[in-house]
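data.txt, holding compact mmCIF, C-alpha atoms:
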```txt
# COMPACT_ATOMS: atom_id res chain seq x y z
CA MET A 22 142.05 87.05 53.00
CA ASP A 23 142.07 86.15 49.34
CA ALA A 24 145.15 85.94 47.12
CA ALA A 25 144.81 89.41 45.55
CA THR A 26 144.60 91.15 48.92
CA ALA A 27 147.51 89.11 50.23
CA THR A 28 149.62 90.17 47.21
CA LYS A 29 148.90 93.86 47.82
CA LEU A 30 149.64 93.49 51.52
CA ALA A 31 152.89 91.68 50.73
CA ALA A 32 153.96 94.43 48.31
CA GLY A 33 153.30 97.22 50.81
CA LEU A 34 154.78 95.43 53.81
CA GLY A 35 157.78 94.21 51.85
CA MET A 36 158.59 97.68 50.56
CA GLY A 37 158.25 99.20 54.01
CA LEU A 38 160.41 96.54 55.68
CA ALA A 39 163.02 96.71 52.94
CA THR A 40 163.57 100.43 53.50
CA LEU A 41 164.52 99.85 57.16
CA GLY A 42 167.97 98.40 56.56
CA PRO A 43 169.13 100.78 53.81
CA GLY A 44 167.66 103.70 55.79
CA ILE A 45 169.81 102.86 58.80
CA GLY A 46 172.76 102.13 56.53
CA ILE A 47 172.65 105.38 54.58
CA GLY A 48 172.08 107.38 57.75
CA TYR A 49 175.10 105.79 59.42
CA LEU A 50 177.18 106.21 56.25
CA THR A 51 176.34 109.89 55.82
CA GLY A 52 176.89 110.60 59.51
CA ARG A 53 180.32 108.99 59.41
CA ALA A 54 181.20 110.82 56.20
CA ALA A 55 180.21 114.15 57.74
CA GLU A 56 182.34 113.30 60.77
CA ALA A 57 185.29 112.43 58.54
CA ILE A 58 184.93 115.64 56.53
CA ALA A 59 184.76 117.66 59.75
CA ARG A 60 187.92 116.00 60.98
CA GLN A 61 189.81 116.32 57.70
CA PRO A 62 188.21 118.91 55.41
CA GLU A 63 191.03 118.69 52.83
CA ALA A 64 190.04 115.05 52.07
CA SER A 65 186.39 115.93 51.51
CA GLY A 66 186.49 115.08 47.79
CA ASP A 67 187.66 111.50 48.31
CA ILE A 68 185.32 111.01 51.25
CA ARG A 69 182.36 112.25 49.23
CA THR A 70 183.15 109.86 46.36
CA ALA A 71 183.43 106.91 48.74
CA MET A 72 180.19 107.96 50.42
CA ILE A 73 178.28 108.19 47.16
CA ILE A 74 179.50 104.76 46.04
CA GLY A 75 178.48 103.29 49.37
CA ALA A 76 175.10 104.99 49.27
CA GLY A 77 174.54 103.69 45.74
CA MET A 78 175.33 100.14 46.83
CA THR A 79 173.10 100.43 49.89
CA GLU A 80 170.09 101.94 48.21
CA ALA A 81 170.23 99.21 45.56
CA LEU A 82 168.98 96.82 48.26
CA ALA A 83 165.83 98.88 48.76
CA LEU A 84 165.42 99.12 45.00
CA TYR A 85 165.44 95.34 44.60
CA ALA A 86 162.52 95.23 47.01
CA PHE A 87 160.88 98.10 45.13
CA VAL A 88 161.12 96.22 41.84
CA ILE A 89 159.67 93.12 43.48
CA ALA A 90 156.85 95.21 44.95
CA ILE A 91 156.07 96.60 41.49
CA ILE A 92 156.10 93.09 40.04
CA LEU A 93 153.73 91.92 42.78
CA LEU A 94 151.34 94.84 42.25
CA PHE A 95 151.23 95.14 38.48
CA VAL A 96 152.54 91.93 36.93
CA ALA A 97 151.77 89.00 39.22
CA MET B 4 134.79 104.44 48.41
CA ALA B 5 137.92 102.31 48.48
CA ALA B 6 137.47 101.23 44.87
CA GLU B 7 136.96 104.87 43.88
CA VAL B 8 140.24 105.93 45.53
CA THR B 9 142.28 103.31 43.73
CA SER B 10 140.70 104.14 40.37
CA LYS B 11 141.89 107.78 40.03
CA VAL B 12 145.34 107.10 41.47
CA VAL B 13 145.85 104.00 39.34
CA GLU B 14 144.57 105.97 36.34
CA SER B 15 147.34 108.53 36.82
CA LEU B 16 149.87 105.70 36.92
CA GLN B 17 148.89 104.83 33.35
CA GLU B 18 151.14 107.76 32.37
CA LEU B 19 154.07 105.41 32.91
CA ASN B 20 152.90 103.09 30.13
CA VAL B 21 154.57 103.45 26.77
CA GLN B 22 152.51 105.08 24.05
CA THR B 23 152.80 103.47 20.63
CA ILE B 24 153.34 106.05 17.88
CA VAL B 25 154.02 103.87 14.83
CA ARG B 26 152.76 100.31 15.06
CA ILE B 27 154.96 97.70 13.41
CA PRO B 28 153.72 94.09 13.46
CA LYS B 29 155.58 91.76 15.82
CA VAL B 30 158.40 89.61 14.50
CA GLY B 31 158.31 86.51 16.67
CA PRO B 32 158.53 87.64 20.29
CA PHE B 33 160.09 90.99 19.32
CA ASP B 34 158.03 94.14 19.10
CA PHE B 35 159.67 96.76 16.89
CA SER B 36 156.89 99.34 17.26
CA ILE B 37 158.10 102.91 17.61
CA THR B 38 156.91 104.14 21.00
CA ASN B 39 157.41 107.44 22.79
CA ALA B 40 160.20 105.76 24.79
CA VAL B 41 162.08 105.00 21.58
CA ILE B 42 161.55 108.53 20.27
CA TYR B 43 162.86 110.14 23.45
CA LEU B 44 165.80 107.76 23.39
CA TRP B 45 166.60 108.93 19.86
CA VAL B 46 166.09 112.55 20.81
CA SER B 47 168.50 112.31 23.74
CA ALA B 48 171.05 110.47 21.61
CA ALA B 49 170.76 113.22 18.98
CA VAL B 50 171.09 115.93 21.64
CA VAL B 51 174.27 114.36 23.02
CA PHE B 52 175.73 113.88 19.55
CA LEU B 53 174.83 117.34 18.25
CA PHE B 54 176.08 119.03 21.42
CA PHE B 55 179.58 117.60 21.16
CA PHE B 56 179.60 117.77 17.33
CA ILE B 57 178.68 121.47 17.23
CA VAL B 58 181.09 122.32 20.04
CA SER B 59 183.96 120.49 18.35
CA ARG B 60 183.33 122.43 15.09
CA ARG B 61 183.71 125.82 16.69
CA LEU B 62 186.52 125.58 19.19
CA ARG B 63 187.99 128.94 20.11
CA LYS B 64 190.71 130.32 22.33
CA GLU B 65 188.09 132.29 24.25
CA PRO B 66 185.41 129.68 24.96
CA ASP B 67 181.74 130.63 24.81
CA SER B 68 179.13 129.12 27.12
CA LEU B 69 178.66 125.86 25.14
CA GLN B 70 182.38 125.22 24.89
CA THR B 71 182.83 125.94 28.59
CA LEU B 72 180.14 123.37 29.42
CA ALA B 73 181.77 120.77 27.17
CA GLU B 74 185.18 121.49 28.70
CA ILE B 75 183.78 121.05 32.20
CA LEU B 76 182.16 117.73 31.22
CA ILE B 77 185.32 116.41 29.54
CA GLY B 78 187.48 117.56 32.43
CA PHE B 79 185.13 115.81 34.83
CA ALA B 80 185.23 112.58 32.82
CA THR B 81 188.99 112.53 32.32
CA GLY B 82 189.91 113.80 35.76
CA HIS B 83 187.40 112.74 38.33
CA LEU B 84 185.93 109.63 36.71
CA THR B 85 188.49 107.82 34.57
CA GLY B 86 191.41 109.52 36.33
CA GLN B 87 191.08 106.88 39.04
CA ILE B 88 192.26 104.12 36.68
CA GLY B 89 195.50 105.98 36.11
CA GLU B 90 197.48 106.20 32.88
CA LYS B 91 195.87 103.04 31.43
CA GLY B 92 192.43 104.55 31.90
CA ARG B 93 192.91 107.52 29.58
CA LYS B 94 191.18 105.91 26.61
CA TYR B 95 188.03 104.88 28.46
CA TYR B 96 186.94 108.42 28.95
CA TYR B 97 185.07 108.38 25.63
CA LEU B 98 182.87 105.54 26.88
CA ILE B 99 182.44 106.97 30.36
CA LEU B 100 181.79 110.52 29.18
CA THR B 101 179.18 109.23 26.72
CA ILE B 102 177.49 107.13 29.40
CA PHE B 103 177.44 110.05 31.83
CA VAL B 104 176.07 112.64 29.41
CA PHE B 105 173.61 110.21 27.85
CA ILE B 106 172.12 109.11 31.17
CA LEU B 107 171.94 112.72 32.31
CA THR B 108 170.10 113.73 29.14
CA THR B 109 167.68 110.80 29.25
CA ASN B 110 166.97 111.45 32.94
CA LEU B 111 166.30 115.13 32.38
CA ILE B 112 164.29 114.73 29.17
CA GLY B 113 161.45 113.03 31.03
CA LEU B 114 161.03 116.00 33.36
CA ILE B 115 160.15 118.42 30.53
CA PRO B 116 156.37 118.76 29.99
CA LYS B 117 155.27 117.73 26.52
CA PRO B 118 152.08 117.60 24.38
CA GLU B 119 149.52 114.79 24.50
CA VAL B 120 150.53 113.42 21.06
CA LEU B 121 153.94 112.51 22.38
CA LYS B 122 153.61 111.92 26.09
CA PRO B 123 156.61 112.58 28.35
CA TYR B 124 158.59 109.46 29.08
CA THR B 125 161.93 108.96 30.74
CA PRO B 126 163.80 106.30 28.76
CA THR B 127 165.81 105.36 31.85
CA ALA B 128 162.55 104.53 33.65
CA ASN B 129 162.45 101.46 31.44
CA ILE B 130 164.44 98.43 32.60
CA ASN B 131 165.29 97.49 29.01
CA VAL B 132 167.20 100.73 28.41
CA THR B 133 169.20 100.59 31.63
CA PHE B 134 169.89 96.87 31.26
CA GLY B 135 171.14 97.46 27.72
CA MET B 136 173.61 100.06 28.96
CA ALA B 137 174.68 97.82 31.84
CA ILE B 138 175.32 94.96 29.40
CA VAL B 139 177.59 97.23 27.34
CA VAL B 140 179.61 98.00 30.48
CA PHE B 141 179.64 94.30 31.42
CA LEU B 142 180.94 93.22 27.99
CA MET B 143 183.54 96.00 28.05
CA THR B 144 184.73 94.86 31.48
CA GLN B 145 185.05 91.19 30.52
CA TYR B 146 186.71 92.07 27.20
CA GLN B 147 189.32 94.18 28.98
CA GLY B 148 189.95 91.46 31.53
CA PHE B 149 190.46 88.74 28.92
CA ARG B 150 192.49 90.96 26.58
CA ARG B 151 194.91 92.22 29.21
CA HIS B 152 195.45 89.03 31.18
CA GLY B 153 194.53 86.25 28.75
CA VAL B 154 191.96 83.58 29.55
CA ARG B 155 194.25 81.82 32.05
CA GLY B 156 195.41 84.98 33.73
CA TYR B 157 191.97 86.57 34.06
CA LEU B 158 190.17 83.46 35.28
CA GLY B 159 193.18 82.67 37.46
CA SER B 160 192.84 86.03 39.19
CA TRP B 161 189.49 84.85 40.51
CA LEU B 162 191.17 81.94 42.33
CA LEU B 163 193.42 81.74 45.37
CA PRO B 164 197.04 82.83 44.91
CA PRO B 165 199.43 79.89 44.29
CA GLY B 166 201.17 78.33 47.26
CA VAL B 167 198.07 77.12 49.10
CA PRO B 168 198.17 73.38 49.98
CA ARG B 169 196.25 71.25 47.46
CA VAL B 170 193.89 69.80 50.03
CA LEU B 171 192.63 73.28 50.87
CA ALA B 172 193.03 74.86 47.45
CA VAL B 173 190.68 72.60 45.46
CA PRO B 174 187.46 73.06 47.51
CA LEU B 175 188.22 76.71 48.34
CA ASN B 176 188.92 77.52 44.70
CA GLY B 177 185.56 76.02 43.76
CA ILE B 178 183.80 78.30 46.23
CA PHE B 179 185.88 81.34 45.24
CA PHE B 180 185.24 80.81 41.55
CA THR B 181 181.48 80.36 41.98
CA VAL B 182 181.20 83.43 44.21
CA HIS B 183 183.20 85.48 41.73
CA VAL B 184 181.18 84.39 38.70
CA VAL B 185 177.91 85.13 40.50
CA GLY B 186 179.32 88.50 41.60
CA GLU B 187 180.33 89.41 38.05
CA LEU B 188 176.92 88.41 36.72
CA PHE B 189 175.08 90.43 39.38
CA ARG B 190 176.93 93.62 38.54
CA PRO B 191 174.94 94.51 35.38
CA LEU B 192 171.74 93.60 37.25
CA SER B 193 172.49 95.90 40.16
CA LEU B 194 173.70 98.68 37.85
CA SER B 195 170.54 98.59 35.77
CA VAL B 196 168.10 98.12 38.65
CA ARG B 197 169.68 101.01 40.55
CA LEU B 198 169.20 103.46 37.69
CA PHE B 199 165.77 102.13 36.73
CA GLY B 200 164.50 102.02 40.31
CA ASN B 201 165.68 105.51 41.18
CA THR B 202 164.16 107.04 38.07
CA ILE B 203 160.82 105.26 38.19
CA ALA B 204 160.41 105.64 41.98
CA GLY B 205 160.48 109.42 41.73
CA HIS B 206 157.99 109.40 38.86
CA LEU B 207 155.71 107.02 40.73
CA VAL B 208 155.66 109.23 43.82
CA ILE B 209 154.93 112.35 41.74
CA LEU B 210 152.16 110.56 39.82
CA VAL B 211 150.56 109.19 42.99
CA MET B 212 150.51 112.72 44.44
CA LEU B 213 148.94 114.08 41.25
CA GLY B 214 146.41 111.25 41.37
CA LEU B 215 145.53 112.22 44.94
CA ILE B 216 144.95 115.82 43.79
CA LEU B 217 142.55 114.57 41.10
CA GLN B 218 140.84 112.24 43.54
CA PHE B 219 140.20 114.58 46.49
CA ALA B 220 139.50 117.94 44.90
CA SER B 221 139.79 119.83 48.20
CA ALA B 222 142.29 122.41 49.45
CA ILE B 223 143.38 120.24 52.40
CA VAL B 224 144.86 117.70 49.99
CA ILE B 225 145.78 119.90 47.04
CA ILE B 226 148.04 122.41 48.81
CA PRO B 227 150.39 119.94 50.54
CA ALA B 228 150.33 117.56 47.57
CA ALA B 229 151.18 120.31 45.09
CA LEU B 230 154.00 121.54 47.33
CA PHE B 231 155.28 118.01 47.66
CA VAL B 232 155.21 117.56 43.86
CA VAL B 233 157.29 120.73 43.39
CA ILE B 234 159.85 119.60 45.97
CA MET B 235 159.92 116.09 44.52
CA THR B 236 160.52 117.43 41.01
CA ALA B 237 163.48 119.47 42.27
CA PHE B 238 164.76 116.35 44.02
CA GLU B 239 164.33 114.41 40.74
CA ILE B 240 166.70 116.84 38.98
CA PHE B 241 169.25 116.22 41.74
CA VAL B 242 168.72 112.45 41.45
CA ALA B 243 169.23 112.64 37.67
CA PHE B 244 172.75 114.01 38.23
CA ILE B 245 173.59 111.67 41.11
CA GLN B 246 172.45 108.57 39.24
CA ALA B 247 174.36 109.47 36.07
CA TYR B 248 177.41 110.00 38.29
CA ILE B 249 176.97 106.71 40.17
CA PHE B 250 176.40 104.69 36.98
CA SER B 251 179.53 106.06 35.31
CA LEU B 252 181.62 105.86 38.50
CA LEU B 253 180.67 102.22 39.06
CA SER B 254 181.40 101.45 35.40
CA VAL B 255 184.87 102.96 35.91
CA ILE B 256 185.38 100.88 39.04
CA TYR B 257 184.33 97.66 37.27
CA ILE B 258 186.61 98.35 34.30
CA GLU B 259 189.42 99.26 36.67
CA GLY B 260 188.89 95.98 38.51
CA ALA B 261 189.24 94.05 35.25
CA ILE B 262 192.35 95.98 34.14
CA TYR B 263 194.14 95.44 37.44
CA ALA B 264 192.73 91.95 38.03
CA GLY B 265 194.83 89.91 40.44
CA HIS B 266 196.46 92.88 42.15
```

Could you render the structure from this file as structure tokens?
Amino acid sequence: MDAATATKLAAGLGMGLATLGPGIGIGYLTGRAAEAIARQPEASGDIRTAMIIGAGMTEALALYAFVIAIILLFVA
Amino acid sequence: MAAEVTSKVVESLQELNVQTIVRIPKVGPFDFSITNAVIYLWVSAAVVFLFFFIVSRRLRKEPDSLQTLAEILIGFATGHLTGQIGEKGRKYYYLILTIFVFILTTNLIGLIPKPEVLKPYTPTANINVTFGMAIVVFLMTQYQGFRRHGVRGYLGSWLLPPGVPRVLAVPLNGIFFTVHVVGELFRPLSLSVRLFGNTIAGHLVILVMLGLILQFASAIVIIPAALFVVIMTAFEIFVAFIQAYIFSLLSVIYIEGAIYAGH
């Protein structure tokens, strides 16, 4: 396997692996938020805000990997 | 075959490149050429300015549709976003409202189809634009921290509270301070990469799907791909709102953290 192929493989594999953690995280987060809203519907506004902040923080992890994948594919 | 597949798909990705409209020779490492990204940035800035300017000139007791929209936006920025800071946060709503409306406009402007002379481009799909905005928020945060607490007070809020034995305090404070400085410096990076990544990822997926349509001109590919593009575009509109909201909400939280540092 030459260097160019290895770079492409690394970009694809890295992106796929990096979505695993945030995928689990956002799923867990949204599930818990839905549970909390079901238990206390009057607090749904605050819960939704907290959920969106958490989701933003979590998905940033996948986006770092995405940026690195782009750098590997198009720049490096 | 494999080389053929990459060619059409990669070709469609060229749409993401900036298109130079007016070429200005480079000054040192800086390129001041006017590209379509710059033009759409100006257009969205003008849209935001003109919207609020026109609305503020014709305020009425019985609001029309434009005024209602502006009132909703301002109410959202003062209440939901900067309302979290409390009484001290009242004056930041100008900054936060501008950030929110500007990001929303720049996100949405790239989704409108446009002629070949001036190709569509989402300014927020460029890391320079988002990083610039994140730096503004970063400078605002640090300025507020230093102004409200003084250099000693603000930097002191990053350390352990007084009363810890000296033997423990000196090494722990070193670790605390380093972690805090790195954390502060990573905030603009994560803010900008989040917005940039979300915007460009959606465009990349749409362009790859369009490239697949061009590549395999058969119904088996075209029908699902076209459907997927439609759904993805709708999702992009949703993402445009969510990302503008997250960027401004996180800015509020960072500024709030600096105002109430040490509490």

Near-stretch 58-73 of chain A list (10 Å; only C-alpha atoms; drop same-chain fewer than 5 positions) as a list in words: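 Listing them by chain and then by number gives Ile47, Leu50, Thr51, Gly52, Arg53, Met78 and Thr79 of chain A; His83, Ile245, Gln246, Tyr248, Ile249 and Leu252 of chain B.
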
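Using all atoms listed in the file, we find that the part of chain B lying within 10 Å of chain A comprises B:His83, B:Leu192, B:Ser193, B:Leu194, B:Ser195, B:Val196, B:Arg197, B:Leu198, B:Phe199, B:Gly200, B:Asn201, B:Ile203, B:Ala204, B:Ile245, B:Gln246, B:Tyr248, B:Ile249, B:Phe250, B:Leu252, B:Leu253, B:Ile256.
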
Since we have the selection now, will you write its residues out, keeping C-alpha atoms, as a CSV table (one decimal), in the frame of the given file?
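out.csv, written as the output of this step:
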```csv
chain,number,residue,atom,x,y,z
B,83,HIS,CA,187.4,112.7,38.3
B,192,LEU,CA,171.7,93.6,37.2
B,193,SER,CA,172.5,95.9,40.2
B,194,LEU,CA,173.7,98.7,37.8
B,195,SER,CA,170.5,98.6,35.8
B,196,VAL,CA,168.1,98.1,38.6
B,197,ARG,CA,169.7,101.0,40.6
B,198,LEU,CA,169.2,103.5,37.7
B,199,PHE,CA,165.8,102.1,36.7
B,200,GLY,CA,164.5,102.0,40.3
B,201,ASN,CA,165.7,105.5,41.2
B,203,ILE,CA,160.8,105.3,38.2
B,204,ALA,CA,160.4,105.6,42.0
B,245,ILE,CA,173.6,111.7,41.1
B,246,GLN,CA,172.4,108.6,39.2
B,248,TYR,CA,177.4,110.0,38.3
B,249,ILE,CA,177.0,106.7,40.2
B,250,PHE,CA,176.4,104.7,37.0
B,252,LEU,CA,181.6,105.9,38.5
B,253,LEU,CA,180.7,102.2,39.1
B,256,ILE,CA,185.4,100.9,39.0
```

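The space separating atom CA of A:Gly48 from atom CA of B:Val242 comes to 17.4 Å.
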
Between atom CA of B:Gly78 and atom CA of B:Ala247, what is the distance, to one decimal in Å? 15.8 Å

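Relative to atom CA of B:Ala49, atom CA of B:Lys64 is found at 26.5 Å.
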
Find the smallest box with edges along x, y and z containing every listed atom of stretch 150-165 of chain B, then add 6 Å on each side and report centre and edge lengths in Å to one decimal, as JSON.
```
{"center_x": 194.5, "center_y": 86.1, "center_z": 36.0, "size_x": 21.9, "size_y": 24.3, "size_z": 30.8}
```

Could you name the residues that touch B:Gly260 at 12 Å or less, counting only C-alpha atoms, but leaving out those on the same chain fewer than 3 positions away, as a list of chain:residue names?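 These residues fall inside the cut-off: B:Gln87, B:Ile88, B:Gly92, B:Phe141, B:Met143, B:Thr144, B:Gln145, B:Gln147, B:Gly148, B:Arg151, B:Tyr157, B:Ser160, B:Trp161, B:Glu187, B:Leu253, B:Ser254, B:Val255, B:Ile256, B:Tyr257, B:Tyr263, B:Ala264, B:Gly265, B:His266.
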
For the point (177.0, 116.5, 25.4) in the file's frame, write as an mmCIF file with C-alpha atoms, in the coordinates of the input all residues with an atom no more than 7 Å away, counting all atoms listed in the file.
```cif
data_model
loop_
_atom_site.group_PDB
_atom_site.id
_atom_site.type_symbol
_atom_site.label_atom_id
_atom_site.label_comp_id
_atom_site.auth_asym_id
_atom_site.auth_seq_id
_atom_site.Cartn_x
_atom_site.Cartn_y
_atom_site.Cartn_z
ATOM 1 C CA VAL B 51 174.270 114.360 23.020
ATOM 2 C CA PHE B 52 175.730 113.880 19.550
ATOM 3 C CA PHE B 54 176.080 119.030 21.420
ATOM 4 C CA PHE B 55 179.580 117.600 21.160
ATOM 5 C CA ALA B 73 181.770 120.770 27.170
ATOM 6 C CA VAL B 104 176.070 112.640 29.410
#
```

Restricting the calculation to only C-alpha atoms, which member of B:Thr202, B:Thr23, B:Ser68, B:Ser15 is positioned closest to B:Thr125? B:Thr202

Could stretch 178-189 of chain B be completed with N, CA, C and O atoms and returned as a tab-separated table (two decimals), in the frame of the given file?
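Now in out-v2.tsv:
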```tsv
chain	number	residue	atom	x	y	z
B	178	ILE	N	184.68	77.29	45.62
B	178	ILE	CA	183.80	78.30	46.23
B	178	ILE	C	184.14	79.69	45.71
B	178	ILE	O	183.26	80.47	45.32
B	179	PHE	N	185.44	80.02	45.69
B	179	PHE	CA	185.88	81.34	45.24
B	179	PHE	C	185.39	81.63	43.83
B	179	PHE	O	184.87	82.71	43.53
B	180	PHE	N	185.58	80.61	42.96
B	180	PHE	CA	185.24	80.81	41.55
B	180	PHE	C	183.74	81.04	41.40
B	180	PHE	O	183.31	81.97	40.70
B	181	THR	N	182.95	80.20	42.08
B	181	THR	CA	181.48	80.36	41.98
B	181	THR	C	181.05	81.74	42.47
B	181	THR	O	180.26	82.42	41.81
B	182	VAL	N	181.57	82.13	43.64
B	182	VAL	CA	181.20	83.43	44.21
B	182	VAL	C	181.56	84.55	43.24
B	182	VAL	O	180.79	85.48	43.01
B	183	HIS	N	182.75	84.43	42.62
B	183	HIS	CA	183.20	85.48	41.73
B	183	HIS	C	182.34	85.57	40.47
B	183	HIS	O	182.00	86.66	40.02
B	184	VAL	N	182.01	84.38	39.91
B	184	VAL	CA	181.18	84.39	38.70
B	184	VAL	C	179.82	85.00	39.00
B	184	VAL	O	179.32	85.85	38.25
B	185	VAL	N	179.22	84.58	40.14
B	185	VAL	CA	177.91	85.13	40.50
B	185	VAL	C	178.03	86.64	40.71
B	185	VAL	O	177.18	87.43	40.26
B	186	GLY	N	179.12	87.07	41.36
B	186	GLY	CA	179.32	88.50	41.60
B	186	GLY	C	179.43	89.28	40.31
B	186	GLY	O	178.83	90.35	40.16
B	187	GLU	N	180.18	88.72	39.35
B	187	GLU	CA	180.33	89.41	38.05
B	187	GLU	C	178.99	89.51	37.34
B	187	GLU	O	178.69	90.52	36.72
B	188	LEU	N	178.20	88.42	37.43
B	188	LEU	CA	176.92	88.41	36.72
B	188	LEU	C	175.91	89.34	37.39
B	188	LEU	O	175.02	89.85	36.72
B	189	PHE	N	176.04	89.56	38.69
B	189	PHE	CA	175.08	90.43	39.38
B	189	PHE	C	175.37	91.90	39.15
B	189	PHE	O	174.49	92.73	39.37
```
